[in-house]
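Heads up, protein.txt below (compact mmCIF, C-alpha atoms and all ligand atoms):
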```
# COMPACT_ATOMS: atom_id res chain seq x y z
CA MET V 1 29.98 -14.68 1.16
CA THR V 2 27.48 -13.84 3.89
CA GLU V 3 23.70 -13.51 3.44
CA ASN V 4 21.65 -10.35 3.99
CA LEU V 5 19.86 -10.91 7.32
CA ILE V 6 16.94 -8.59 6.54
CA LYS V 7 15.82 -10.90 3.72
CA LEU V 8 15.13 -13.80 6.07
CA LYS V 9 11.47 -14.46 6.67
CA PRO V 10 10.32 -15.26 10.21
CA SER V 11 9.94 -18.95 9.18
CA GLU V 12 13.61 -19.01 8.09
CA LEU V 13 14.75 -17.31 11.30
CA TYR V 14 12.71 -19.88 13.19
CA GLU V 15 14.70 -22.72 11.59
CA ILE V 16 18.04 -21.07 12.30
CA LEU V 17 17.04 -20.56 15.93
CA ALA V 18 15.84 -24.15 16.24
CA GLU V 19 19.14 -25.48 14.85
CA SER V 20 20.99 -23.40 17.46
CA ASN V 21 18.66 -24.51 20.27
CA GLU V 22 17.45 -20.95 20.73
CA SER V 23 13.88 -20.03 21.54
CA PRO V 24 11.52 -18.68 18.80
CA TYR V 25 10.91 -15.52 20.86
CA ARG V 26 14.31 -14.37 19.64
CA ILE V 27 12.71 -13.68 16.24
CA ARG V 28 11.08 -10.63 17.81
CA GLN V 29 14.39 -9.60 19.38
CA ILE V 30 16.13 -9.80 16.00
CA HIS V 31 13.27 -7.86 14.37
CA LYS V 32 13.47 -5.21 17.08
CA TRP V 33 17.10 -4.53 16.12
CA ILE V 34 16.60 -4.73 12.37
CA TRP V 35 13.29 -2.86 12.01
CA GLY V 36 12.68 -1.13 15.33
CA LYS V 37 16.17 0.26 15.90
CA SER V 38 17.51 0.23 12.31
CA SER V 39 20.72 -1.42 13.52
CA ASN V 40 23.19 -2.53 10.85
CA ASN V 41 25.52 -4.33 13.24
CA ILE V 42 24.59 -7.85 14.31
CA ASN V 43 27.18 -7.73 17.09
CA SER V 44 25.20 -4.91 18.70
CA PHE V 45 22.08 -7.11 19.17
CA SER V 46 22.84 -7.04 22.88
CA ASP V 47 19.94 -9.14 24.16
CA LEU V 48 20.96 -12.17 22.08
CA PRO V 49 23.38 -14.62 23.76
CA LYS V 50 26.96 -13.70 22.85
CA GLY V 51 27.74 -17.06 21.19
CA PHE V 52 24.63 -16.92 19.00
CA ARG V 53 25.28 -13.30 18.07
CA GLU V 54 28.82 -14.17 16.98
CA PHE V 55 27.55 -17.16 14.99
CA MET V 56 24.99 -14.93 13.24
CA ALA V 57 27.55 -12.20 12.55
CA LYS V 58 29.79 -14.73 10.79
CA LYS V 59 27.00 -15.97 8.50
CA TYR V 60 24.98 -12.80 7.87
CA HIS V 61 25.39 -9.11 7.19
CA ILE V 62 22.86 -6.27 6.89
CA GLU V 63 22.46 -4.36 3.66
CA ARG V 64 19.81 -1.67 3.33
CA ALA V 65 17.91 0.10 0.60
CA GLU V 66 18.93 3.71 -0.02
CA ILE V 67 17.23 7.00 -0.67
CA SER V 68 17.85 8.16 -4.26
CA SER V 69 15.91 11.42 -3.98
CA VAL V 70 13.55 13.21 -1.65
CA VAL V 71 11.06 15.91 -2.61
CA HIS V 72 9.07 17.98 -0.11
CA SER V 73 5.57 19.23 -0.95
CA VAL V 74 4.29 22.58 0.25
CA ASP V 75 1.48 20.69 2.04
CA GLY V 76 3.90 18.64 4.18
CA ALA V 77 3.89 15.41 2.14
CA ILE V 78 7.33 14.03 1.30
CA LYS V 79 8.04 11.76 -1.63
CA PHE V 80 10.95 9.34 -1.54
CA LEU V 81 12.56 7.52 -4.42
CA ILE V 82 14.07 4.39 -2.89
CA LYS V 83 16.72 2.26 -4.52
CA PHE V 84 17.22 -1.44 -3.82
CA GLU V 85 20.27 -3.65 -4.04
CA ASN V 86 19.58 -4.56 -7.70
CA LEU V 87 19.08 -0.84 -8.55
CA ASP V 88 15.30 -1.12 -9.03
CA GLN V 89 13.57 1.95 -7.65
CA VAL V 90 10.13 2.57 -6.16
CA GLU V 91 8.36 5.50 -4.59
CA ALA V 92 7.03 5.87 -1.06
CA VAL V 93 5.17 8.90 0.25
CA PHE V 94 4.96 10.31 3.78
CA ILE V 95 1.62 11.98 4.48
CA PRO V 96 1.37 13.90 7.76
CA GLU V 97 -2.16 14.74 8.92
CA GLU V 98 -3.80 15.83 12.15
CA GLY V 99 -3.30 12.93 14.60
CA ARG V 100 -1.67 10.51 12.17
CA ASN V 101 1.47 9.93 10.14
CA THR V 102 0.89 7.72 7.13
CA VAL V 103 3.34 6.06 4.80
CA CYS V 104 2.06 5.04 1.38
CA VAL V 105 4.17 2.11 0.19
CA SER V 106 4.75 0.37 -3.12
CA SER V 107 4.33 -3.39 -3.42
CA GLN V 108 5.68 -3.95 -6.94
CA VAL V 109 8.22 -2.32 -9.25
CA GLY V 110 5.76 -0.91 -11.79
CA CYS V 111 2.40 -2.60 -12.18
CA PRO V 112 0.99 -5.08 -14.72
CA LEU V 113 -2.61 -3.82 -14.56
CA LYS V 114 -2.45 -0.70 -16.75
CA CYS V 115 -5.33 1.29 -15.29
CA THR V 116 -5.73 4.13 -17.77
CA PHE V 117 -5.78 6.92 -15.17
CA CYS V 118 -2.66 5.77 -13.33
CA ALA V 119 0.91 6.88 -13.95
CA THR V 120 2.33 3.65 -12.49
CA GLY V 121 0.32 1.63 -15.01
CA SER V 122 2.21 3.38 -17.80
CA LEU V 123 5.54 2.08 -16.44
CA GLY V 124 4.80 -1.57 -17.13
CA TYR V 125 5.67 -4.30 -14.66
CA ARG V 126 9.16 -5.25 -13.55
CA ARG V 127 8.81 -7.45 -10.46
CA ASN V 128 7.23 -8.05 -7.08
CA LEU V 129 8.93 -6.53 -4.05
CA GLY V 130 10.13 -8.76 -1.22
CA PHE V 131 8.57 -8.22 2.22
CA PHE V 132 11.85 -6.65 3.39
CA GLU V 133 11.78 -4.13 0.52
CA ILE V 134 8.31 -3.05 1.60
CA LEU V 135 9.49 -2.74 5.22
CA GLU V 136 12.55 -0.80 4.12
CA GLN V 137 10.28 1.88 2.64
CA VAL V 138 8.55 2.40 6.00
CA ARG V 139 11.81 2.26 7.95
CA ILE V 140 13.53 4.78 5.67
CA VAL V 141 10.60 7.20 5.91
CA ARG V 142 10.33 6.82 9.71
CA ASP V 143 14.05 7.41 10.21
CA TYR V 144 13.99 10.42 7.86
CA VAL V 145 11.01 12.15 9.46
CA LYS V 146 12.02 10.97 12.96
CA THR V 147 8.49 10.34 14.08
CA ARG V 148 6.29 7.34 14.84
CA ILE V 149 4.41 5.98 11.85
CA THR V 150 0.78 5.39 12.79
CA ASN V 151 -0.70 4.24 9.47
CA VAL V 152 0.54 2.36 6.43
CA VAL V 153 -1.39 2.19 3.17
CA PHE V 154 -0.52 -0.18 0.34
CA MET V 155 -1.56 2.34 -2.30
CA GLY V 156 1.76 3.11 -3.94
CA MET V 157 3.11 1.46 -7.06
CA GLY V 158 1.73 -1.99 -7.83
CA GLU V 159 -1.25 -4.21 -7.02
CA PRO V 160 -0.66 -5.57 -3.49
CA LEU V 161 -2.85 -8.65 -3.90
CA LEU V 162 -0.76 -9.81 -6.86
CA ASN V 163 2.14 -9.97 -4.40
CA TYR V 164 0.07 -11.53 -1.65
CA SER V 165 2.49 -13.45 0.55
CA GLU V 166 5.16 -10.72 0.68
CA VAL V 167 2.58 -8.00 1.38
CA VAL V 168 0.94 -9.96 4.20
CA GLU V 169 4.34 -10.90 5.66
CA ALA V 170 5.33 -7.21 5.64
CA ALA V 171 1.99 -6.17 7.17
CA ARG V 172 2.42 -8.67 10.01
CA ILE V 173 5.90 -7.38 10.84
CA LEU V 174 4.67 -3.76 10.66
CA ASN V 175 2.01 -4.70 13.18
CA ASP V 176 4.47 -6.15 15.71
CA SER V 177 5.10 -3.88 18.69
CA SER V 178 8.81 -4.79 18.66
CA THR V 179 9.23 -3.24 15.18
CA PHE V 180 6.90 -0.47 13.99
CA GLY V 181 3.82 -1.23 16.12
CA VAL V 182 1.32 -0.06 13.50
CA GLY V 183 -2.14 -1.31 14.54
CA SER V 184 -3.58 -3.93 12.15
CA ARG V 185 -6.64 -1.72 11.65
CA LYS V 186 -4.30 1.09 10.61
CA ILE V 187 -2.77 -0.99 7.82
CA THR V 188 -4.78 -0.66 4.60
CA ILE V 189 -4.38 -3.05 1.70
CA SER V 190 -5.83 -1.46 -1.39
CA THR V 191 -6.76 -3.59 -4.38
CA SER V 192 -8.17 -3.07 -7.83
CA GLY V 193 -10.43 -6.05 -7.05
CA ILE V 194 -8.27 -9.19 -7.28
CA ILE V 195 -10.82 -11.75 -6.13
CA PRO V 196 -8.50 -14.66 -5.20
CA GLY V 197 -6.47 -12.26 -3.02
CA ILE V 198 -9.59 -10.94 -1.26
CA ARG V 199 -10.67 -14.52 -0.55
CA LYS V 200 -7.27 -15.29 0.98
CA LEU V 201 -7.24 -12.09 3.02
CA GLU V 202 -10.60 -12.92 4.61
CA ASN V 203 -9.00 -16.01 6.14
CA GLU V 204 -6.10 -14.15 7.76
CA PRO V 205 -6.42 -13.72 11.52
CA GLU V 206 -5.43 -10.03 11.44
CA GLN V 207 -7.92 -7.23 10.91
CA PHE V 208 -6.12 -5.42 8.13
CA LYS V 209 -8.28 -2.86 6.41
CA LEU V 210 -9.41 -3.66 2.86
CA ALA V 211 -9.84 -0.86 0.32
CA VAL V 212 -11.15 -1.42 -3.19
CA SER V 213 -10.28 0.99 -5.97
CA LEU V 214 -13.68 1.07 -7.71
CA ASN V 215 -13.68 4.10 -10.02
CA SER V 216 -16.80 2.98 -11.84
CA ALA V 217 -19.78 0.81 -10.90
CA VAL V 218 -20.71 0.42 -14.58
CA GLN V 219 -19.12 -2.80 -15.86
CA GLY V 220 -18.21 -1.62 -19.40
CA LYS V 221 -16.83 1.66 -18.17
CA ARG V 222 -14.84 0.03 -15.39
CA GLU V 223 -13.29 -2.34 -17.92
CA LYS V 224 -12.12 0.66 -19.95
CA LEU V 225 -10.60 2.38 -16.92
CA MET V 226 -9.30 -0.81 -15.30
CA PRO V 227 -8.78 -3.67 -17.75
CA VAL V 228 -8.52 -6.12 -14.81
CA ALA V 229 -12.29 -5.68 -14.36
CA LYS V 230 -12.85 -8.01 -17.34
CA LYS V 231 -11.36 -10.84 -15.33
CA PHE V 232 -13.05 -9.89 -12.06
CA PRO V 233 -16.47 -8.40 -12.93
CA LEU V 234 -18.36 -6.09 -10.61
CA GLU V 235 -21.15 -8.55 -9.75
CA GLU V 236 -18.73 -11.28 -8.73
CA LEU V 237 -16.65 -8.75 -6.81
CA LYS V 238 -19.76 -7.62 -4.94
CA LYS V 239 -20.52 -11.20 -3.89
CA VAL V 240 -16.98 -11.75 -2.66
CA LEU V 241 -16.95 -8.45 -0.75
CA MET V 242 -20.22 -9.38 0.95
CA GLU V 243 -18.70 -12.70 2.01
CA TYR V 244 -15.61 -10.85 3.21
CA TYR V 245 -17.80 -8.61 5.34
CA GLU V 246 -19.78 -11.56 6.72
CA LYS V 247 -16.58 -13.24 7.79
CA LYS V 248 -14.53 -10.28 9.06
CA ARG V 249 -17.29 -7.90 10.15
CA ARG V 250 -15.13 -5.09 8.81
CA TRP V 251 -16.41 -2.42 6.48
CA ILE V 252 -14.84 -2.17 3.06
CA THR V 253 -13.48 1.20 1.91
CA PHE V 254 -14.25 2.06 -1.70
CA GLU V 255 -12.04 4.55 -3.51
CA TYR V 256 -13.58 6.45 -6.41
CA ILE V 257 -11.32 8.68 -8.47
CA LEU V 258 -13.61 11.32 -9.94
CA ILE V 259 -12.71 12.02 -13.59
CA PRO V 260 -14.86 14.60 -15.37
CA GLU V 261 -16.70 13.43 -18.50
CA VAL V 262 -15.51 9.89 -17.75
CA ASN V 263 -17.19 8.65 -14.56
CA ASP V 264 -19.26 11.61 -13.31
CA SER V 265 -22.53 11.23 -15.26
CA HIS V 266 -25.97 10.65 -13.77
CA GLU V 267 -25.72 6.97 -14.77
CA ASP V 268 -22.35 6.70 -13.01
CA LEU V 269 -23.75 8.28 -9.90
CA GLU V 270 -26.76 5.96 -9.74
CA ALA V 271 -24.66 2.85 -10.35
CA LEU V 272 -22.20 3.92 -7.66
CA ILE V 273 -24.94 4.58 -5.13
CA ASP V 274 -26.59 1.17 -5.79
CA TYR V 275 -23.31 -0.71 -5.69
CA THR V 276 -21.92 0.77 -2.50
CA ASN V 277 -25.27 0.74 -0.69
CA ALA V 278 -25.38 -3.03 -1.17
CA ILE V 279 -22.15 -3.57 0.77
CA PRO V 280 -21.30 -2.37 4.30
CA SER V 281 -18.75 0.19 3.28
CA LYS V 282 -17.51 3.74 3.30
CA LEU V 283 -16.63 5.70 0.20
CA ASN V 284 -13.66 7.95 -0.43
CA LEU V 285 -14.13 10.34 -3.32
CA ILE V 286 -10.75 11.36 -4.76
CA PRO V 287 -10.58 14.15 -7.36
CA TYR V 288 -8.42 12.97 -10.27
CA ASN V 289 -4.83 14.22 -10.13
CA PRO V 290 -3.49 15.03 -13.58
CA HIS V 291 -0.09 13.73 -14.68
CA PRO V 292 1.74 13.64 -18.00
CA TYR V 293 0.83 10.01 -18.77
CA ALA V 294 -2.92 10.41 -19.28
CA THR V 295 -5.06 13.02 -20.98
CA PHE V 296 -7.83 13.31 -18.37
CA ARG V 297 -8.38 16.61 -16.63
CA ALA V 298 -8.93 17.38 -12.95
CA PRO V 299 -12.52 18.10 -11.86
CA THR V 300 -13.38 21.67 -10.93
CA ASP V 301 -14.50 22.51 -7.39
CA GLN V 302 -18.10 22.81 -8.67
CA GLU V 303 -17.97 19.37 -10.31
CA ILE V 304 -16.62 17.81 -7.12
CA GLU V 305 -19.20 19.60 -4.99
CA TYR V 306 -22.10 18.48 -7.21
CA PHE V 307 -21.07 14.81 -7.21
CA LEU V 308 -20.34 14.82 -3.50
CA LYS V 309 -23.65 16.43 -2.61
CA LYS V 310 -25.59 13.79 -4.55
CA LEU V 311 -23.58 10.98 -3.02
CA ARG V 312 -24.10 12.28 0.50
CA ARG V 313 -27.81 12.50 -0.15
CA TYR V 314 -28.27 8.94 -1.39
CA ILE V 315 -25.49 6.85 0.08
CA LYS V 316 -26.47 5.24 3.36
CA ARG V 317 -23.03 5.40 4.94
CA ALA V 318 -20.01 7.70 5.19
CA VAL V 319 -18.70 9.52 2.14
CA THR V 320 -15.40 11.37 2.50
CA LEU V 321 -13.74 13.75 0.10
CA ARG V 322 -10.05 12.94 -0.01
CA LYS V 323 -7.98 15.65 -1.59
CA SER V 324 -4.64 13.94 -2.08
CA LYS V 325 -1.60 15.52 -0.55
CA GLY V 326 1.61 15.94 -2.52
CA GLN V 327 0.14 16.94 -5.90
CA ASP V 328 2.86 19.50 -6.53
CA ILE V 329 5.53 16.78 -6.19
CA GLN V 330 3.63 14.16 -8.22
CA GLY V 331 3.17 12.16 -5.03
CA ALA V 332 -0.59 12.11 -4.97
CA CYS V 333 -2.90 9.21 -5.69
CA GLY V 334 -2.39 7.86 -9.24
CA GLN V 335 0.67 10.01 -9.89
CA LEU V 336 3.47 7.73 -8.70
CA ALA V 337 5.91 6.87 -11.50
CA TYR V 338 6.57 10.34 -12.78
CA PHE V 339 9.54 10.60 -10.48
CA VAL V 340 10.98 7.25 -11.58
CA LYS V 341 10.45 8.00 -15.26
CA SER V 342 11.96 11.44 -15.08
CA LYS V 343 15.13 9.99 -13.56
CA GLU V 344 15.62 7.31 -16.21
S1 LIG S 401 -4.12 2.04 -10.11
FE1 LIG S 401 -3.02 0.50 -8.93
S2 LIG S 401 -3.56 -1.44 -9.95
FE2 LIG S 401 -4.05 0.20 -11.43
S3 LIG S 401 -2.18 0.42 -12.69
FE3 LIG S 401 -2.05 1.89 -10.98
S4 LIG S 401 -0.84 0.82 -9.42
FE4 LIG S 401 -1.62 -0.73 -10.85
```
Final structure tokens representation of the file:
Amino acid sequence: MTENLIKLKPSELYEILAESNESPYRIRQIHKWIWGKSSNNINSFSDLPKGFREFMAKKYHIERAEISSVVHSVDGAIKFLIKFENLDQVEAVFIPEEGRNTVCVSSQVGCPLKCTFCATGSLGYRRNLGFFEILEQVRIVRDYVKTRITNVVFMGMGEPLLNYSEVVEAARILNDSSTFGVGSRKITISTSGIIPGIRKLENEPEQFKLAVSLNSAVQGKREKLMPVAKKFPLEELKKVLMEYYEKKRRWITFEYILIPEVNDSHEDLEALIDYTNAIPSKLNLIPYNPHPYATFRAPTDQEIEYFLKKLRRYIKRAVTLRKSKGQDIQGACGQLAYFVKSKE
């Protein structure tokens, strides 16, 4: 029985190379074939010495994830349902925009955090994805759309910082020019505010972008929307984000899903302005996308305009309105899971 080569971490490849008296730079050569060229044949890794290639081909094989379904949105977004070896499925979304091609990836099968506005939260949690399962999502999307992927966002199913080591391993490989070559500043790790994960991330040498899904700057309200806020309260989160900024000198991106009659009051607005003004940051305002697993409604254009105007007036830094792509295919922010559920 041979092992699946794509599951080997760089540290494991390093050991295999050392035992065969091969140089560590061959890790990048192997990654180039696996991730850069999507090769499934170890014998075709032509820049490896023939003897080593044959040795590897005897001990390892390559088995990939598969596409279960693909749905195209009228706005150009494409949603993929991807199936792994053990039949678990996750969603990944391709989002083409002027000057960039983004893949939104999942980091867990389901999610344990149960944010009330999120379809994934309603699925429950099954397991963490391995780094190779995260990379497979990007590879499958790239090979399907046949274009270079410029940005990757960890905003799909799951909380990336609860799967820290696999997410960071995947981000590092994505960043390597021999594989996908996505710039570290173009890789966004989005968290609901997992403080131990943020503290670890600030000590990584790479400049990955940190996004925090805020959704309310009022503690009690945030706890209702995102139960994880009880464990990691806003004030403590603010302190940690300030330290993160001091260390990395990188602005934080806050995401705020605007839900009418839930987090769009005058009090919400004031709290949001105070909170985000205290931290070097930019703010993305995302109108709530309805889905069958929550009863909230989408804001009207007037409600969005009113909130945005106030924010732009009082927030010191950039505020961007992000209308999610892929709403018609349930591929927009907060909607992932519908596809998986409807197939079960
Ligand atoms: S918003 Fe993110 S952290 Fe919250 S339940 Fe959904 S996937 Fe999990």
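Each of V:Ile34, V:Ala217, V:Ile198, V:Val105 was checked against Glu267 of chain V using only C-alpha atoms; the smallest atom-to-atom distance is that of V:Ala217.
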Listed atoms of ligand LIG 401 (chain S), axis-aligned box, 5 Å per side: centre and edge lengths to one decimal in Å, as lines of an AutoDock Vina configuration file?
```
center_x = -2.5
center_y = 0.3
center_z = -10.8
size_x = 13.3
size_y = 13.5
size_z = 13.8
```
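Considering only C-alpha atoms and all ligand atoms, every residue of the polymer chains approaching ligand LIG 401 (chain S) to 6 Å or closer is listed here: Cys111, Leu113, Lys114, Cys115, Cys118, Thr120, Gly121, Met157, Gly158, Glu159 and Ser192 of chain V.
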**Report entry** All residues 9 Å or closer to Leu17 of chain V, only C-alpha atoms, same chain fewer than 4 positions away omitted, as a VMD selection string
**Finding:** chain V and resid 12 to 13 21 to 24 26 to 27 52
Query raised in the report: What separation in Å, quoted to one decimal, exists between atom CA of Leu174 of chain V and atom CA of Lys59 of chain V?
Result: 25.5 Å
Report task. Find the spatial neighbours of segment 302-318 of chain V, counting only C-alpha atoms, within a cut-off of 9 Å - ignore same-chain residues fewer than 2 positions away - and output them as a ChimeraX atom specification. Result -> /V:258,260,264-265,269-270,272-274,276-277,280-285,287,299-300,320-321
Completion of segment 226-242 of chain V up to N, CA and C atoms, as a compact mmCIF listing (two decimals), keeping the file's coordinate frame:
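Output below, filename part16.txt:
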```txt
# COMPACT_ATOMS: atom_id res chain seq x y z
N MET V 226 -10.12 0.19 -16.00
CA MET V 226 -9.30 -0.81 -15.30
C MET V 226 -9.48 -2.14 -16.03
N PRO V 227 -8.61 -2.45 -16.96
CA PRO V 227 -8.78 -3.67 -17.75
C PRO V 227 -8.94 -4.95 -16.90
N VAL V 228 -8.41 -4.93 -15.68
CA VAL V 228 -8.52 -6.12 -14.81
C VAL V 228 -9.99 -6.45 -14.48
N ALA V 229 -10.88 -5.46 -14.66
CA ALA V 229 -12.29 -5.68 -14.36
C ALA V 229 -12.94 -6.72 -15.28
N LYS V 230 -12.31 -6.96 -16.44
CA LYS V 230 -12.85 -8.01 -17.34
C LYS V 230 -12.71 -9.37 -16.66
N LYS V 231 -11.61 -9.55 -15.99
CA LYS V 231 -11.36 -10.84 -15.33
C LYS V 231 -12.17 -10.97 -14.03
N PHE V 232 -12.33 -9.86 -13.33
CA PHE V 232 -13.05 -9.89 -12.06
C PHE V 232 -14.21 -8.90 -12.12
N PRO V 233 -15.35 -9.32 -12.71
CA PRO V 233 -16.47 -8.40 -12.93
C PRO V 233 -17.11 -7.91 -11.64
N LEU V 234 -17.77 -6.77 -11.77
CA LEU V 234 -18.36 -6.09 -10.61
C LEU V 234 -19.31 -6.97 -9.79
N GLU V 235 -20.16 -7.75 -10.49
CA GLU V 235 -21.15 -8.55 -9.75
C GLU V 235 -20.47 -9.62 -8.90
N GLU V 236 -19.45 -10.25 -9.48
CA GLU V 236 -18.73 -11.28 -8.73
C GLU V 236 -17.95 -10.65 -7.57
N LEU V 237 -17.39 -9.47 -7.86
CA LEU V 237 -16.65 -8.75 -6.81
C LEU V 237 -17.58 -8.40 -5.65
N LYS V 238 -18.80 -7.98 -5.99
CA LYS V 238 -19.76 -7.62 -4.94
C LYS V 238 -20.04 -8.83 -4.03
N LYS V 239 -20.23 -9.98 -4.66
CA LYS V 239 -20.52 -11.20 -3.89
C LYS V 239 -19.37 -11.53 -2.94
N VAL V 240 -18.16 -11.42 -3.46
CA VAL V 240 -16.98 -11.75 -2.66
C VAL V 240 -16.79 -10.73 -1.52
N LEU V 241 -17.09 -9.47 -1.79
CA LEU V 241 -16.95 -8.45 -0.75
C LEU V 241 -18.00 -8.64 0.35
N MET V 242 -19.18 -9.08 -0.05
CA MET V 242 -20.22 -9.38 0.95
C MET V 242 -19.76 -10.52 1.85
```
